[in-house]
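Visitor: Structure provided below as structure tokens; questions to follow.
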Amino acid sequence: DVKVTQSSRYLVKRTGEKVFLECVQDMDHENMFWYRQDPGLGLRLIYFSYDVKMKEKGDIPEGYSVSREKKERFSLILESASTNQTSMYLCASSRAGGRTGELFFGEGSRLTVL
Amino acid sequence: GNSVTQMEGPVTLSEEAFLTINCTYTATGYPSLFWYVQYPGEGLQLLLKATKADDKGSNKGFEATYRKETTSFHLEKGSVQVSDSAVYFCALYSGNTPLVFGKGTRLSVIA
């Protein structure tokens, strides 16, 4: 069964801590994405990557960075967590080309920043 | 730019009722359209899609028709079940830009 796996389902961090959210996919997909999901705001794109070592800013990149050293792994980094980054974070992957709109999602990582 | 507008929820229906969730879009070119579903405690999964005008996507009893003239892709189901309770997202893919999502509509089906 194909999968997108996010390393942590639930995290609690303190303001100012550095936070790593890991995402691994086993489908050999070229494209990977990080979204955050908040009530009333839907899904907002943070960063995405269409290839190894490549990254592009999404709609809300401020306060985040990403790393894609291997094709299957896409990490989201909060350099200094703040309370307004409390949210559900969703990782997704897709094939390149005509099926780019067909995303496969992980189960999400719910981050609470105190 | 590209955008998706879907009806706000929450929507509460009795079992076996008819469901419609409205979705309209704005896009350049000829987008592909999608409905994703998020069951409680899970990530999103693709429910159905349509890649060109007048296409009908269908899955699990849900249907949506790509209407270019009204720029719409409304989700319908003839008889909902309690297990259909979830959040539904309309989405658009056009050109080389990432998928654009609507804000989601929460559906609750009561027995």
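Chains: A, B, ... in order of the structure tokens. Residues: from 1 per chain. Ligands: from 1, in order shown.
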When the cut-off is 8 Å and we count only C-alpha atoms, which residues of chain A are near chain B, given as a list in words?

Guide: Gly40, Leu41, Gly42, Leu43, Leu90, Thr100, Gly101, Glu102, Leu103, Phe104, Phe105, Gly106, Glu107 and Gly108 of chain A

Visitor: Tell me, as a list of chain:residue names, which residues lie within 9 Å of Met27 in chain A, counting only C-alpha atoms; anything in the same chain fewer than 6 positions away does not count.

Guide: A:Val2, A:Lys3, A:Val4, A:Glu72, A:Ser93, A:Ser94, A:Arg95

Visitor: Which residues are near Ala50 in chain B? Cut-off 9 Å, only C-alpha atoms, ignore same chain within fewer than 6 positions. Put them as a ChimeraX atom specification.

Guide: /B:32-34,56-58,64-66,73

Visitor: Could you please take those selected residues and save all heavy atoms as an mmCIF file, in the first residue's frame?

Guide:
```cif
data_model
loop_
_atom_site.group_PDB
_atom_site.id
_atom_site.type_symbol
_atom_site.label_atom_id
_atom_site.label_comp_id
_atom_site.auth_asym_id
_atom_site.auth_seq_id
_atom_site.Cartn_x
_atom_site.Cartn_y
_atom_site.Cartn_z
ATOM 1 N N SER B 32 -7.878 21.289 -14.381
ATOM 2 C CA SER B 32 -8.454 20.037 -13.899
ATOM 3 C C SER B 32 -9.069 20.313 -12.533
ATOM 4 O O SER B 32 -8.549 21.128 -11.765
ATOM 5 C CB SER B 32 -7.374 18.956 -13.766
ATOM 6 O OG SER B 32 -6.828 18.639 -15.022
ATOM 7 N N LEU B 33 -10.151 19.622 -12.236
ATOM 8 C CA LEU B 33 -10.895 19.878 -11.004
ATOM 9 C C LEU B 33 -10.990 18.596 -10.174
ATOM 10 O O LEU B 33 -11.083 17.493 -10.726
ATOM 11 C CB LEU B 33 -12.289 20.408 -11.324
ATOM 12 C CG LEU B 33 -12.313 21.710 -12.125
ATOM 13 C CD1 LEU B 33 -13.729 22.036 -12.570
ATOM 14 C CD2 LEU B 33 -11.744 22.861 -11.291
ATOM 15 N N PHE B 34 -10.982 18.783 -8.867
ATOM 16 C CA PHE B 34 -10.907 17.646 -7.950
ATOM 17 C C PHE B 34 -11.821 17.886 -6.746
ATOM 18 O O PHE B 34 -12.067 19.019 -6.348
ATOM 19 C CB PHE B 34 -9.474 17.479 -7.415
ATOM 20 C CG PHE B 34 -8.428 17.334 -8.473
ATOM 21 C CD1 PHE B 34 -7.898 18.454 -9.105
ATOM 22 C CD2 PHE B 34 -7.955 16.080 -8.829
ATOM 23 C CE1 PHE B 34 -6.926 18.329 -10.084
ATOM 24 C CE2 PHE B 34 -6.981 15.947 -9.802
ATOM 25 C CZ PHE B 34 -6.468 17.070 -10.433
ATOM 26 N N LYS B 56 -17.626 13.980 -16.149
ATOM 27 C CA LYS B 56 -18.234 13.706 -14.851
ATOM 28 C C LYS B 56 -17.303 12.788 -14.084
ATOM 29 O O LYS B 56 -16.955 11.706 -14.568
ATOM 30 C CB LYS B 56 -19.601 13.055 -15.013
ATOM 31 C CG LYS B 56 -20.254 12.685 -13.681
ATOM 32 C CD LYS B 56 -21.571 11.923 -13.872
ATOM 33 C CE LYS B 56 -22.675 12.849 -14.285
ATOM 34 N NZ LYS B 56 -23.995 12.166 -14.291
ATOM 35 N N GLY B 57 -16.910 13.207 -12.902
ATOM 36 C CA GLY B 57 -16.147 12.341 -12.013
ATOM 37 C C GLY B 57 -17.105 11.662 -11.059
ATOM 38 O O GLY B 57 -18.109 12.243 -10.644
ATOM 39 N N SER B 58 -16.796 10.413 -10.692
ATOM 40 C CA SER B 58 -17.669 9.708 -9.761
ATOM 41 C C SER B 58 -16.871 8.704 -8.950
ATOM 42 O O SER B 58 -15.879 8.138 -9.419
ATOM 43 C CB SER B 58 -18.802 9.005 -10.500
ATOM 44 O OG SER B 58 -18.281 8.044 -11.388
ATOM 45 N N ALA B 64 -19.617 14.618 -9.647
ATOM 46 C CA ALA B 64 -19.461 16.050 -9.904
ATOM 47 C C ALA B 64 -19.199 16.219 -11.389
ATOM 48 O O ALA B 64 -18.428 15.452 -11.979
ATOM 49 C CB ALA B 64 -18.318 16.641 -9.093
ATOM 50 N N THR B 65 -19.837 17.229 -11.987
ATOM 51 C CA THR B 65 -19.691 17.478 -13.420
ATOM 52 C C THR B 65 -18.982 18.794 -13.635
ATOM 53 O O THR B 65 -19.354 19.825 -13.053
ATOM 54 C CB THR B 65 -21.059 17.501 -14.117
ATOM 55 O OG1 THR B 65 -21.694 16.235 -13.912
ATOM 56 C CG2 THR B 65 -20.885 17.738 -15.614
ATOM 57 N N TYR B 66 -17.994 18.782 -14.482
ATOM 58 C CA TYR B 66 -17.170 19.953 -14.820
ATOM 59 C C TYR B 66 -17.984 20.815 -15.798
ATOM 60 O O TYR B 66 -18.166 20.466 -16.963
ATOM 61 C CB TYR B 66 -15.898 19.441 -15.482
ATOM 62 C CG TYR B 66 -14.811 20.421 -15.799
ATOM 63 C CD1 TYR B 66 -13.513 19.967 -15.952
ATOM 64 C CD2 TYR B 66 -15.040 21.777 -15.997
ATOM 65 C CE1 TYR B 66 -12.463 20.834 -16.263
ATOM 66 C CE2 TYR B 66 -14.019 22.645 -16.311
ATOM 67 C CZ TYR B 66 -12.727 22.166 -16.455
ATOM 68 O OH TYR B 66 -11.694 23.018 -16.778
ATOM 69 N N PHE B 73 -18.217 23.003 -10.229
ATOM 70 C CA PHE B 73 -17.903 21.576 -10.082
ATOM 71 C C PHE B 73 -18.575 21.115 -8.785
ATOM 72 O O PHE B 73 -17.937 20.751 -7.824
ATOM 73 C CB PHE B 73 -16.385 21.382 -10.041
ATOM 74 C CG PHE B 73 -15.918 19.958 -10.181
ATOM 75 C CD1 PHE B 73 -16.301 19.179 -11.256
ATOM 76 C CD2 PHE B 73 -15.042 19.408 -9.249
ATOM 77 C CE1 PHE B 73 -15.844 17.872 -11.397
ATOM 78 C CE2 PHE B 73 -14.570 18.104 -9.383
ATOM 79 C CZ PHE B 73 -14.979 17.338 -10.460
#
```

Visitor: I need the residues in chain A that are strand (DSSP E) according to DSSP; give them as an MDAnalysis selection string.

Guide: chainID A and resid 4:6 10:13 19:21 23:25 31:38 42:49 56:57 65:70 73:78 87:94 104:105 109:113

Visitor: Within 9 Å of Ile110 in chain B, counting only C-alpha atoms, which residues show up once you throw out same-chain ones fewer than 3 positions away? Write them as a ChimeraX atom specification, please.

Guide: /B:12-15,81-82,85

Visitor: Quick check, in Å to one decimal: how far apart do CA of Trp34 in chain A and CA of Glu63 in chain B lie?

Guide: 28.2 Å

Visitor: Which one of B:Ala86, B:Leu75, B:Ala27, B:Val109 sits closest to Met7 in chain B if you count only C-alpha atoms?

Guide: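 Of all the options, B:Leu75 lies closest to Met7 in chain B.
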
Visitor: Under the rule that only C-alpha atoms are counted, which of A:His29, A:Lys18, A:Lys53, A:Lys13 is the nearest residue to Ile77 in chain A?

Guide: A:Lys18

Visitor: Neighbours of Met54 in chain A within 9 Å (only C-alpha atoms; same-chain residues fewer than 4 positions away dropped), as an MDAnalysis selection string?

Guide: chainID A and resid 48:50 67:69

Visitor: Export all heavy atoms of the chosen residues as an mmCIF file, in the first residue's frame?

Guide:
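Listed below is the output, result-v7.cif:
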```
data_model
loop_
_atom_site.group_PDB
_atom_site.id
_atom_site.type_symbol
_atom_site.label_atom_id
_atom_site.label_comp_id
_atom_site.auth_asym_id
_atom_site.auth_seq_id
_atom_site.Cartn_x
_atom_site.Cartn_y
_atom_site.Cartn_z
ATOM 1 N N PHE A 48 6.861 23.941 -1.392
ATOM 2 C CA PHE A 48 6.786 22.745 -2.199
ATOM 3 C C PHE A 48 8.109 22.521 -2.915
ATOM 4 O O PHE A 48 8.974 23.396 -2.964
ATOM 5 C CB PHE A 48 5.611 22.802 -3.180
ATOM 6 C CG PHE A 48 5.661 23.920 -4.175
ATOM 7 C CD1 PHE A 48 6.084 23.699 -5.475
ATOM 8 C CD2 PHE A 48 5.244 25.202 -3.826
ATOM 9 C CE1 PHE A 48 6.095 24.733 -6.408
ATOM 10 C CE2 PHE A 48 5.250 26.237 -4.743
ATOM 11 C CZ PHE A 48 5.681 25.999 -6.039
ATOM 12 N N SER A 49 8.225 21.311 -3.463
ATOM 13 C CA SER A 49 9.465 20.917 -4.122
ATOM 14 C C SER A 49 9.138 20.013 -5.288
ATOM 15 O O SER A 49 8.400 19.036 -5.138
ATOM 16 C CB SER A 49 10.370 20.175 -3.131
ATOM 17 O OG SER A 49 11.462 19.576 -3.793
ATOM 18 N N TYR A 50 9.704 20.324 -6.442
ATOM 19 C CA TYR A 50 9.473 19.503 -7.628
ATOM 20 C C TYR A 50 10.654 18.589 -7.941
ATOM 21 O O TYR A 50 10.621 17.854 -8.928
ATOM 22 C CB TYR A 50 9.170 20.376 -8.841
ATOM 23 C CG TYR A 50 7.789 20.997 -8.858
ATOM 24 C CD1 TYR A 50 7.525 22.120 -9.633
ATOM 25 C CD2 TYR A 50 6.746 20.471 -8.122
ATOM 26 C CE1 TYR A 50 6.254 22.695 -9.669
ATOM 27 C CE2 TYR A 50 5.478 21.032 -8.137
ATOM 28 C CZ TYR A 50 5.239 22.152 -8.918
ATOM 29 O OH TYR A 50 3.988 22.701 -8.943
ATOM 30 N N SER A 67 13.719 21.293 3.650
ATOM 31 C CA SER A 67 14.908 20.603 3.172
ATOM 32 C C SER A 67 14.482 19.386 2.391
ATOM 33 O O SER A 67 13.626 18.621 2.843
ATOM 34 C CB SER A 67 15.786 20.181 4.356
ATOM 35 O OG SER A 67 16.845 19.342 3.932
ATOM 36 N N ARG A 68 15.097 19.217 1.211
ATOM 37 C CA ARG A 68 14.836 17.999 0.431
ATOM 38 C C ARG A 68 16.166 17.480 -0.097
ATOM 39 O O ARG A 68 16.562 17.764 -1.209
ATOM 40 C CB ARG A 68 13.862 18.252 -0.702
ATOM 41 C CG ARG A 68 13.382 16.921 -1.312
ATOM 42 C CD ARG A 68 12.119 17.058 -2.020
ATOM 43 N NE ARG A 68 11.677 15.775 -2.561
ATOM 44 C CZ ARG A 68 10.974 15.659 -3.666
ATOM 45 N NH1 ARG A 68 10.628 16.741 -4.346
ATOM 46 N NH2 ARG A 68 10.594 14.468 -4.083
ATOM 47 N N GLU A 69 16.816 16.685 0.707
ATOM 48 C CA GLU A 69 18.114 16.117 0.353
ATOM 49 C C GLU A 69 17.966 14.804 -0.414
ATOM 50 O O GLU A 69 18.857 14.410 -1.174
ATOM 51 C CB GLU A 69 18.950 15.889 1.610
ATOM 52 C CG GLU A 69 19.316 17.181 2.334
ATOM 53 C CD GLU A 69 20.225 18.069 1.500
ATOM 54 O OE1 GLU A 69 21.166 17.541 0.857
ATOM 55 O OE2 GLU A 69 19.994 19.295 1.458
#
```
